[in-house]
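Just data_35.cif here, mmCIF, C-alpha atoms:
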data_data
#
loop_
_atom_site.label_atom_id
_atom_site.label_comp_id
_atom_site.auth_asym_id
_atom_site.auth_seq_id
_atom_site.Cartn_x
_atom_site.Cartn_y
_atom_site.Cartn_z
CA MET A 219 10.64 -11.10 -2.13
CA SER A 220 8.51 -9.62 -4.94
CA PRO A 221 6.63 -6.47 -3.93
CA ILE A 222 3.02 -6.13 -5.14
CA LEU A 223 -0.02 -3.98 -4.41
CA LEU A 224 -3.17 -6.02 -3.81
CA SER A 225 -6.68 -4.68 -4.46
CA PRO A 226 -8.99 -5.39 -1.51
CA GLY A 227 -11.90 -6.64 -3.59
CA ASP A 228 -13.94 -8.85 -1.29
CA ARG A 229 -10.86 -10.46 0.26
CA LEU A 230 -10.98 -11.58 3.87
CA VAL A 231 -8.10 -10.97 6.27
CA THR A 232 -8.23 -12.96 9.51
CA VAL A 233 -6.16 -11.42 12.29
CA PHE A 234 -5.27 -13.38 15.40
CA GLY A 235 -4.63 -10.93 18.24
CA GLY A 236 -6.42 -7.93 19.68
CA GLY A 237 -3.67 -5.59 20.86
CA ASN A 238 -1.60 -2.75 19.43
CA VAL A 239 0.36 -4.95 17.02
CA ALA A 240 -2.86 -6.34 15.56
CA LEU A 241 -4.27 -2.81 15.33
CA ARG A 242 -1.23 -1.54 13.43
CA LYS A 243 -1.41 -4.42 10.97
CA CYS A 244 -5.18 -4.06 10.47
CA ARG A 245 -4.76 -0.40 9.54
CA HIS A 246 -2.69 -1.56 6.57
CA PHE A 247 -5.66 -3.59 5.27
CA ASP A 248 -8.10 -0.71 4.94
CA GLY A 249 -10.82 -1.75 2.46
CA PHE A 250 -10.45 -5.48 3.08
CA ARG A 251 -12.95 -7.49 5.11
CA ILE A 252 -11.31 -7.98 8.49
CA ARG A 253 -12.04 -10.74 10.99
CA VAL A 254 -10.35 -10.39 14.39
CA VAL A 255 -9.98 -13.43 16.65
CA SER A 256 -8.93 -12.70 20.23
CA PRO A 257 -10.37 -12.98 23.74
CA GLU A 258 -9.67 -9.26 24.27
CA VAL A 259 -9.85 -6.60 21.55
CA LEU A 260 -8.91 -2.93 21.67
CA PRO A 261 -11.88 -0.62 20.96
CA GLU A 262 -10.00 0.97 18.03
CA LEU A 263 -9.44 -2.46 16.52
CA GLU A 264 -13.06 -3.47 17.02
CA ALA A 265 -14.10 -0.33 15.13
CA LEU A 266 -11.94 -1.37 12.16
CA ALA A 267 -13.06 -4.99 12.05
CA ASP A 268 -16.04 -6.35 10.15
CA GLU A 269 -16.23 -9.35 12.48
CA VAL A 270 -14.87 -9.90 16.00
CA VAL A 271 -14.61 -13.39 17.45
CA ARG A 272 -13.92 -13.13 21.17
CA GLU A 273 -12.33 -16.53 21.63
CA ALA A 274 -8.95 -17.76 22.75
CA VAL A 275 -7.16 -19.95 20.23
CA ASP A 276 -4.40 -22.52 20.42
CA PRO A 277 -2.46 -24.35 17.71
CA ASP A 278 -5.16 -27.02 17.52
CA THR A 279 -8.16 -24.68 17.15
CA ALA A 280 -6.67 -21.86 15.05
CA ALA A 281 -7.33 -23.59 11.73
CA GLY A 282 -11.09 -23.47 12.27
CA TYR A 283 -11.05 -19.69 12.23
CA MET A 284 -9.13 -19.51 8.95
CA ASP A 285 -11.92 -20.80 6.71
CA GLY A 286 -12.54 -18.45 3.80
CA SER A 287 -9.46 -16.33 4.55
CA ASP A 288 -7.35 -14.88 1.78
CA ILE A 289 -4.72 -13.63 4.22
CA VAL A 290 -3.96 -14.62 7.81
CA VAL A 291 -2.13 -12.34 10.23
CA ALA A 292 -0.62 -13.84 13.40
CA ALA A 293 -0.34 -10.91 15.83
CA THR A 294 -0.85 -12.36 19.29
CA ALA A 295 1.47 -11.62 22.21
CA SER A 296 2.85 -15.17 22.10
CA HIS A 297 5.81 -15.94 19.85
CA GLU A 298 5.04 -19.66 20.00
CA LEU A 299 1.36 -19.21 19.16
CA ASN A 300 2.17 -16.88 16.26
CA ASP A 301 4.60 -19.46 14.89
CA ALA A 302 1.94 -22.16 15.17
CA ILE A 303 -0.74 -20.03 13.49
CA ARG A 304 1.73 -19.16 10.73
CA ASP A 305 2.61 -22.79 10.11
CA VAL A 306 -1.03 -23.92 10.00
CA SER A 307 -2.03 -21.07 7.68
CA MET A 308 0.84 -21.61 5.25
CA SER A 309 0.23 -25.37 5.21
CA ARG A 310 -3.29 -24.54 3.96
CA GLY A 311 -1.91 -22.37 1.17
CA ILE A 312 -3.10 -19.10 2.73
CA MET A 313 -0.93 -16.00 2.40
CA THR A 314 0.41 -15.30 5.88
CA ASN A 315 2.00 -12.49 7.87
CA SER A 316 3.42 -13.13 11.33
CA ALA A 317 4.44 -10.53 13.89
CA HIS A 318 7.42 -12.71 14.70
CA GLY A 319 8.49 -13.39 11.13
CA GLY A 320 8.60 -16.36 8.82
CA GLY A 321 5.44 -15.68 6.83
CA ASP A 322 5.22 -15.09 3.09
CA VAL A 323 3.54 -11.65 3.35
CA LEU A 324 5.50 -8.63 4.56
CA ILE A 325 3.64 -5.47 5.53
CA PRO A 326 5.70 -2.45 4.43
CA SER A 327 5.71 1.10 5.69
CA THR A 328 3.48 3.12 3.37
CA LEU A 329 3.11 6.69 2.21
CA HIS A 330 -0.30 7.40 0.69
CA ARG A 331 -0.89 10.42 -1.52
CA ASP A 332 -4.12 11.21 -3.37
CA GLY A 333 -2.98 9.60 -6.59
CA PHE A 334 -0.07 7.35 -5.73
CA THR A 335 1.44 5.14 -3.04
CA VAL A 336 5.04 4.57 -1.98
CA THR A 337 6.04 1.55 0.11
CA VAL A 338 9.34 0.64 1.78
CA SER A 339 10.34 -2.69 3.30
CA SER A 340 13.57 -3.93 4.85
CA GLU A 341 12.31 -7.47 4.09
CA GLY A 342 11.85 -8.14 7.79
CA ARG A 343 15.45 -7.42 8.79
CA VAL A 344 15.23 -4.03 10.58
CA PRO A 345 11.65 -2.87 11.32
CA ALA A 346 12.82 0.62 12.33
CA PHE A 347 14.32 1.33 8.91
CA PRO A 348 11.24 1.53 6.59
CA PRO A 349 9.30 4.17 8.60
CA TYR A 350 12.44 6.33 8.73
CA VAL A 351 12.83 6.12 4.96
CA ILE A 352 9.14 6.91 4.46
CA GLU A 353 9.53 10.07 6.54
CA ARG A 354 12.46 11.20 4.38
CA ILE A 355 10.54 10.41 1.17
CA ASP A 356 7.53 12.36 2.44
CA GLU A 357 9.77 15.40 2.97
CA PHE A 358 11.24 15.03 -0.53
CA LEU A 359 7.95 14.60 -2.41
CA ASP A 360 6.71 18.19 -2.36
CA PRO A 361 3.22 19.07 -3.71
CA SER A 362 4.59 19.45 -7.24
CA TYR A 363 4.68 15.63 -7.49
CA ASP A 364 0.95 15.48 -6.90
CA SER A 365 0.50 18.24 -9.49
CA MET A 366 2.69 16.40 -12.00
CA LEU A 367 0.61 13.26 -11.64
CA GLU A 368 -2.58 15.26 -12.24
CA LEU A 369 -0.96 16.86 -15.30
CA LEU A 370 0.04 13.48 -16.74
CA VAL A 371 -3.48 12.13 -16.22
CA GLU A 372 -4.91 15.05 -18.18
CA LEU A 373 -2.30 14.75 -20.91
CA ARG A 374 -3.03 11.04 -21.38
CA LYS A 375 -6.60 11.93 -22.31
CA VAL A 376 -5.30 14.14 -25.13
CA ILE A 377 -2.46 12.04 -26.51
CA ARG A 378 -4.59 8.91 -26.99
CA ASP A 379 -6.00 10.53 -30.14
CA ARG A 380 -3.02 12.64 -31.18
CA ILE A 381 -0.12 10.20 -30.83
CA PRO A 382 -0.90 6.94 -32.66
CA THR A 383 1.57 4.52 -31.01
CA GLN A 384 2.09 3.41 -27.41
CA PRO A 385 5.88 3.93 -27.57
CA GLY A 386 5.27 7.45 -28.87
CA ARG A 387 2.87 8.20 -26.02
CA ALA A 388 5.30 6.77 -23.47
CA LYS A 389 8.12 8.92 -24.82
CA PHE A 390 5.96 12.04 -24.72
CA LEU A 391 5.10 11.50 -21.05
CA ALA A 392 8.73 10.67 -20.18
CA ASP A 393 9.84 13.90 -21.85
CA VAL A 394 7.29 15.86 -19.80
CA LEU A 395 8.59 14.26 -16.62
CA ALA A 396 12.16 15.21 -17.54
CA ASP A 397 11.32 18.85 -18.33
CA GLU A 398 12.60 21.08 -15.51
CA GLY A 399 10.69 24.04 -16.90
CA ILE A 400 7.39 22.21 -16.47
CA TRP A 401 8.38 21.16 -12.96
CA GLY A 402 9.16 24.79 -12.18
CA MET A 403 5.71 25.91 -13.34
CA LEU A 404 4.08 23.26 -11.15
CA ARG A 405 6.12 24.35 -8.13
CA ASP A 406 4.94 27.92 -8.80
CA GLY A 407 1.33 26.73 -8.88
CA ASP A 408 0.91 27.37 -12.63
CA ALA A 409 -0.82 24.14 -13.64
CA ASP A 410 -2.43 25.69 -16.74
CA GLY A 411 0.93 26.99 -17.94
CA ALA A 412 2.51 23.58 -17.38
CA TYR A 413 -0.26 21.93 -19.41
CA GLU A 414 0.20 24.30 -22.35
CA ALA A 415 3.99 23.98 -22.18
CA ALA A 416 3.72 20.18 -22.26
CA LEU A 417 1.52 20.24 -25.36
CA GLU A 418 3.84 22.72 -27.05
CA ARG A 419 6.89 20.62 -26.20
CA GLY A 420 5.32 17.65 -27.93
CA GLY A 421 4.11 19.67 -30.91
CA LEU A 422 0.48 19.09 -29.91
CA SER A 423 -0.66 22.63 -29.14
#

Translate the structure described by the file into structure tokens.
Amino acid sequence: MSPILLSPGDRLVTVFGGGNVALRKCRHFDGFRIRVVSPEVLPELEALADEVVREAVDPDTAAGYMDGSDIVVAATASHELNDAIRDVSMSRGIMTNSAHGGGDVLIPSTLHRDGFTVTVSSEGRVPAFPPYVIERIDEFLDPSYDSMLELLVELRKVIRDRIPTQPGRAKFLADVLADEGIWGMLRDGDADGAYEAALERGGLS
């Protein structure tokens, strides 16, 4: 598997199923256009969806609801129906996630921060593992990581003009990231001091 992050753009995700599994998967596609196809739909899921089709589907009719889809999610309560939806979707060249496995799209556990995202997947083997790892990562990534990202964003604006080469700019930022003194200032809430120390370290002050 090759992990990627996909920009929503105007992409359409069609989700078959209207229960808690479908709801959990839809929450991962925030920003996408979401079409839900199910005879019964949870109110929370209906609030997330852009379009709700209250129809039952079977292996023969599922394909008709996939038109225009960039991603299909099979999240019904039926293992057999999910397998059939998955097979139809993949045969049409549509990226597919199935609640019962076998698709070519895996939905990882995700930690969102203001400026960055961390995802963990067990590649479908043990679903309980990724959320546990995300919890541990969340505990490890204290607020100084958010502050460091903000610092690097500000420094990039300066070094574009002061450091002429991309390798030189990359080395400067890597050196800032490796500087325990700068990390210490950020943990103490001294963002201005960290900024000045970074410029001084690179001979740019």

(message) Quick check, in Å to one decimal: how far apart do CA of Val394 in chain A and CA of Ala416 in chain A lie?
(response)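 So the two atoms, CA of Val394 in chain A and CA of Ala416 in chain A, lie 6.1 Å apart.
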
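Across A:Val290, A:Ala302, A:Leu422, A:Val259, the tightest approach to Leu324 in chain A is made by A:Val290 when counting all atoms listed in the file.
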
(request) For the file shown, report as a list in words the outcome of the PyMOL selection byres ((chain A and resi 355-363) around 8) at residue level. (result) Leu329, Val351, Ile352, Glu353, Arg354, Asp364, Ser365, Met366, Leu367, Trp401, Leu404 and Arg405 of chain A

Could you build a table of the residues in range 267-338 of chain A lying no more than 10 Å from range 239-245 of chain A, giving for each the nearest pair of atoms and their separation in Å rounded to one decimal place, using only C-alpha atoms, ordered by chain and ascending residue number, as a tab-separated table?
residue	atom	partner	partner_atom	distance
A:Ala267	CA	A:Cys244	CA	8.1
A:Val291	CA	A:Lys243	CA	8.0
A:Ala292	CA	A:Ala240	CA	8.1
A:Ala293	CA	A:Ala240	CA	5.2
A:Thr294	CA	A:Ala240	CA	7.4
A:Ala295	CA	A:Val239	CA	8.5
A:Asn315	CA	A:Lys243	CA	9.3
A:Ser316	CA	A:Lys243	CA	10.0
A:Ala317	CA	A:Val239	CA	7.6
A:Ile325	CA	A:Lys243	CA	7.5
A:Pro326	CA	A:Lys243	CA	9.9

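Evaluated against the shown file, the PyMOL selection byres ((chain A and resi 268) around 10) gives Leu230, Val231, Phe250, Arg251, Ile252, Arg253, Val254, Leu263, Glu264, Ala265, Leu266, Ala267, Glu269 and Val270 of chain A.
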
Keeping only C-alpha atoms, take the residues you just selected and write them out as an mmCIF file, in the frame of the given file.
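Result file is again28.cif:
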data_model
loop_
_atom_site.group_PDB
_atom_site.id
_atom_site.type_symbol
_atom_site.label_atom_id
_atom_site.label_comp_id
_atom_site.auth_asym_id
_atom_site.auth_seq_id
_atom_site.Cartn_x
_atom_site.Cartn_y
_atom_site.Cartn_z
ATOM 1 C CA LEU A 230 -10.980 -11.580 3.870
ATOM 2 C CA VAL A 231 -8.100 -10.970 6.270
ATOM 3 C CA PHE A 250 -10.450 -5.480 3.080
ATOM 4 C CA ARG A 251 -12.950 -7.490 5.110
ATOM 5 C CA ILE A 252 -11.310 -7.980 8.490
ATOM 6 C CA ARG A 253 -12.040 -10.740 10.990
ATOM 7 C CA VAL A 254 -10.350 -10.390 14.390
ATOM 8 C CA LEU A 263 -9.440 -2.460 16.520
ATOM 9 C CA GLU A 264 -13.060 -3.470 17.020
ATOM 10 C CA ALA A 265 -14.100 -0.330 15.130
ATOM 11 C CA LEU A 266 -11.940 -1.370 12.160
ATOM 12 C CA ALA A 267 -13.060 -4.990 12.050
ATOM 13 C CA GLU A 269 -16.230 -9.350 12.480
ATOM 14 C CA VAL A 270 -14.870 -9.900 16.000
#

(request) Identify, on the basis of only C-alpha atoms, every residue whose closest approach to Ile381 in chain A does not exceed 10 Å; exclude the query and any residue fewer than 6 positions from it along the same chain; express the result as a list of chain:residue names. (result)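 Listed by chain and then number, they are A:Arg374, A:Arg387, A:Ala388, A:Phe390, A:Gly420, A:Leu422.
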
Range 317-321 of chain A, all listed atoms, 4 Å padding on each side: what axis-aligned box centre and edge lengths in Å to one decimal come out, as lines of an AutoDock Vina configuration file?
center_x = 6.5
center_y = -13.4
center_z = 10.8
size_x = 12.2
size_y = 13.8
size_z = 15.9

(message) Please determine, counting all atoms listed in the file, which residue among A:Leu370, A:Met403, A:Leu417, A:Ala409 has the shortest atom-to-atom distance to Leu391 in chain A.
(response) A:Leu370

(request) Find the distance between CA of Ala281 in chain A and CA of Ile222 in chain A and write it in Å to one decimal. (result) 26.4 Å

(message) I want to know what sits within 8 Å of Ala280 in chain A, based on all atoms listed in the file, with residues of the same chain fewer than 4 positions away left out; could you give that as JSON, numbers by chain?
(response) {"A": [275, 276, 284, 303, 306]}

(message) Please determine, counting only C-alpha atoms, which residue among A:Leu369, A:Leu395, A:Val376, A:Val344 has the shortest atom-to-atom distance to Tyr413 in chain A.
(response) A:Leu369

(request) Figure out the distance between CA of Met313 in chain A and CA of Ser225 in chain A, please, to one decimal in Å. (result)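 Computing the Euclidean distance for CA of Ser225 in chain A and CA of Met313 in chain A yields 14.4 Å.
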
(request) Give the answer as one residue: which of A:Asp332, A:Arg229, A:His318, A:Gly342 has the shortest atom-to-atom distance to Ser296 in chain A, using all atoms listed in the file? (result) A:His318
